[in-house]
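For reference, the structure discussed in these notes is given below.
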Amino acid sequence: MIADEKQKRQSAPIGVFDSGMGGISVLRELVKVMPHEDFIYFGDSVNAPYGTKPTDQIRELTIRHVENLMKEGAKGIVVACNTATSAAVAVLRKMYPKLPLVGIEPAIKPAAVERPGARIVVMATPMTIRQEKFCRLMARYEDKIHIVPLPCPGLMEFVERGDLDGEDLQEYLTKLLSQVDGEPIDGIVLGCTHYPFVREMIQSIVGNSVTIYDGGPGTAREMKRRLGESDLLNKKQEKGTVKFYNSRNTEEEIQLCRSLFLHGK
Ligand code: DGL
């Protein structure tokens, strides 16, 4: 690549995709590890939730939105949605072998490395838990930790509404977590990118002795590594920018994106 072209590619934005607002939890981690990069975030709230849809439909939607981000000039893509990753990332890698592409998956590995022998609940969408990719991931760590999958239909909708601490949410989570019977649990993996936004509420219900794992920070570090490997990191010294787009293109939706991005800061 000639020098000018290379520099242009390095200054291009990173595309981040999710079915809605959840991927903003990953975007926050991306900005922490790559503060000089520009980001374009796209959330498909019109078609959310993805987690209760058939695989083919999720794959088709994900490919379409990732291709749109590429048309917008993205130099690399983060699929900041566990559900979309299980349905579409393998196909996308075949379609675009040169594209730096990172998909998030439930952080079972860090839990297994940190807490061998532990009893770990994996909270995720019904679709993520049904997928072969998840079964393979579980099988890989089954001899190290005891994994309890917990499908959470309806949970992402609280975040999509911007409800992160209401009474209905408390009631929903208390009922959901009471379904985990048997021995006490040691940890919870947040296997959906919407769930880090309700992390405090989950922690308050299960207590501080339970460790919560989020795949966002590892995904962000992996994207940085992949861009570095391809010499695509932005060399500028100024702080990068973040642009939000949503298929439900209303001012309220974009405002909610911004407030989730700043949540707890
Ligand atoms: N945020 C998505 C994930 O990480 C799923 C939410 C949905 O059901 O669309 O799995």
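Here's how to read the names in the structure tokens: chain A, B, ... by the order shown, residue numbers from 1 in each chain, ligand numbers from 1 in the order shown.
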Determine, using only C-alpha atoms, which residues of range 112-131 of chain A have any atom at most 12 Å from an atom of range 26-49 of chain A, and tabulate each with its shortest atom pair and distance in Å to one decimal place, rows ordered by chain and then rising number, as a Markdown table.
| residue | atom | partner | partner_atom | distance |
| --- | --- | --- | --- | --- |
| A:Thr125 | CA | A:Pro49 | CA | 9.1 |
| A:Pro126 | CA | A:Pro49 | CA | 10.7 |
| A:Met127 | CA | A:Pro49 | CA | 10.3 |
Take the residues just selected and output them with N, CA and C atoms as an mmCIF file, in the first residue's frame.
data_model
loop_
_atom_site.group_PDB
_atom_site.id
_atom_site.type_symbol
_atom_site.label_atom_id
_atom_site.label_comp_id
_atom_site.auth_asym_id
_atom_site.auth_seq_id
_atom_site.Cartn_x
_atom_site.Cartn_y
_atom_site.Cartn_z
ATOM 1 N N THR A 125 -28.955 -14.580 25.653
ATOM 2 C CA THR A 125 -30.259 -14.666 24.976
ATOM 3 C C THR A 125 -30.555 -16.140 24.676
ATOM 4 N N PRO A 126 -31.845 -16.493 24.533
ATOM 5 C CA PRO A 126 -32.188 -17.889 24.229
ATOM 6 C C PRO A 126 -31.466 -18.382 22.977
ATOM 7 N N MET A 127 -31.319 -17.496 22.001
ATOM 8 C CA MET A 127 -30.689 -17.860 20.728
ATOM 9 C C MET A 127 -29.200 -18.180 20.920
#
**Asked** Please, which residues have at least one atom within 9 Å of an atom of ligand 1, using only C-alpha atoms and all ligand atoms, listed as number ranges by chain?
**Response** A: 18-23, 44-45, 47-53, 79-86, 104-106, 124-128, 153-157, 190-195
**Item:** Residue nearest Val148 in chain A - candidates A:Glu183, A:Asp56, A:Glu132, A:Glu252, atoms counted: only C-alpha atoms
**Value:**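 That would be A:Glu183, the residue with the smallest distance to Val148 in chain A.
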**Asked** If you count only C-alpha atoms, which residues fall within 12 Å of Arg93 in chain A, apart from same-chain ones fewer than 2 positions away, as a ChimeraX atom specification?
**Response** /A:63,66,76-77,79,85,88-91,95-103
**Request:** Name the residues in contact with Met123 in chain A at a cut-off of 7 Å, using only C-alpha atoms, excluding same-chain residues fewer than 5 positions from it; report them as a list in words.
**Result:**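 After dropping sequence-adjacent residues, the list is Pro149, Leu150, Pro151, Cys152, Val189, Leu190 and Gly191 of chain A.
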May I have the residues from that selection written out with N, CA, C and O atoms, as a CSV table (one decimal), in the first residue's frame?
chain,number,residue,atom,x,y,z
A,149,PRO,N,-26.2,-22.7,32.1
A,149,PRO,CA,-26.8,-21.6,31.1
A,149,PRO,C,-28.1,-21.1,31.6
A,149,PRO,O,-29.0,-21.9,32.0
A,150,LEU,N,-28.3,-19.8,31.5
A,150,LEU,CA,-29.6,-19.2,31.9
A,150,LEU,C,-30.1,-18.3,30.8
A,150,LEU,O,-29.6,-17.1,30.7
A,151,PRO,N,-31.0,-18.7,30.0
A,151,PRO,CA,-31.6,-17.9,29.0
A,151,PRO,C,-32.4,-16.7,29.6
A,151,PRO,O,-33.1,-17.0,30.6
A,152,CYS,N,-32.3,-15.5,29.1
A,152,CYS,CA,-32.9,-14.4,29.7
A,152,CYS,C,-33.8,-13.6,28.7
A,152,CYS,O,-33.6,-12.5,28.4
A,189,VAL,N,-21.4,-15.0,34.1
A,189,VAL,CA,-20.9,-14.5,32.9
A,189,VAL,C,-22.1,-13.7,32.2
A,189,VAL,O,-23.1,-14.3,32.0
A,190,LEU,N,-21.8,-12.4,31.9
A,190,LEU,CA,-22.8,-11.6,31.2
A,190,LEU,C,-22.6,-11.9,29.7
A,190,LEU,O,-21.8,-11.3,29.0
A,191,GLY,N,-23.4,-12.9,29.2
A,191,GLY,CA,-23.3,-13.3,27.8
A,191,GLY,C,-24.1,-12.6,26.8
A,191,GLY,O,-24.4,-13.1,25.7
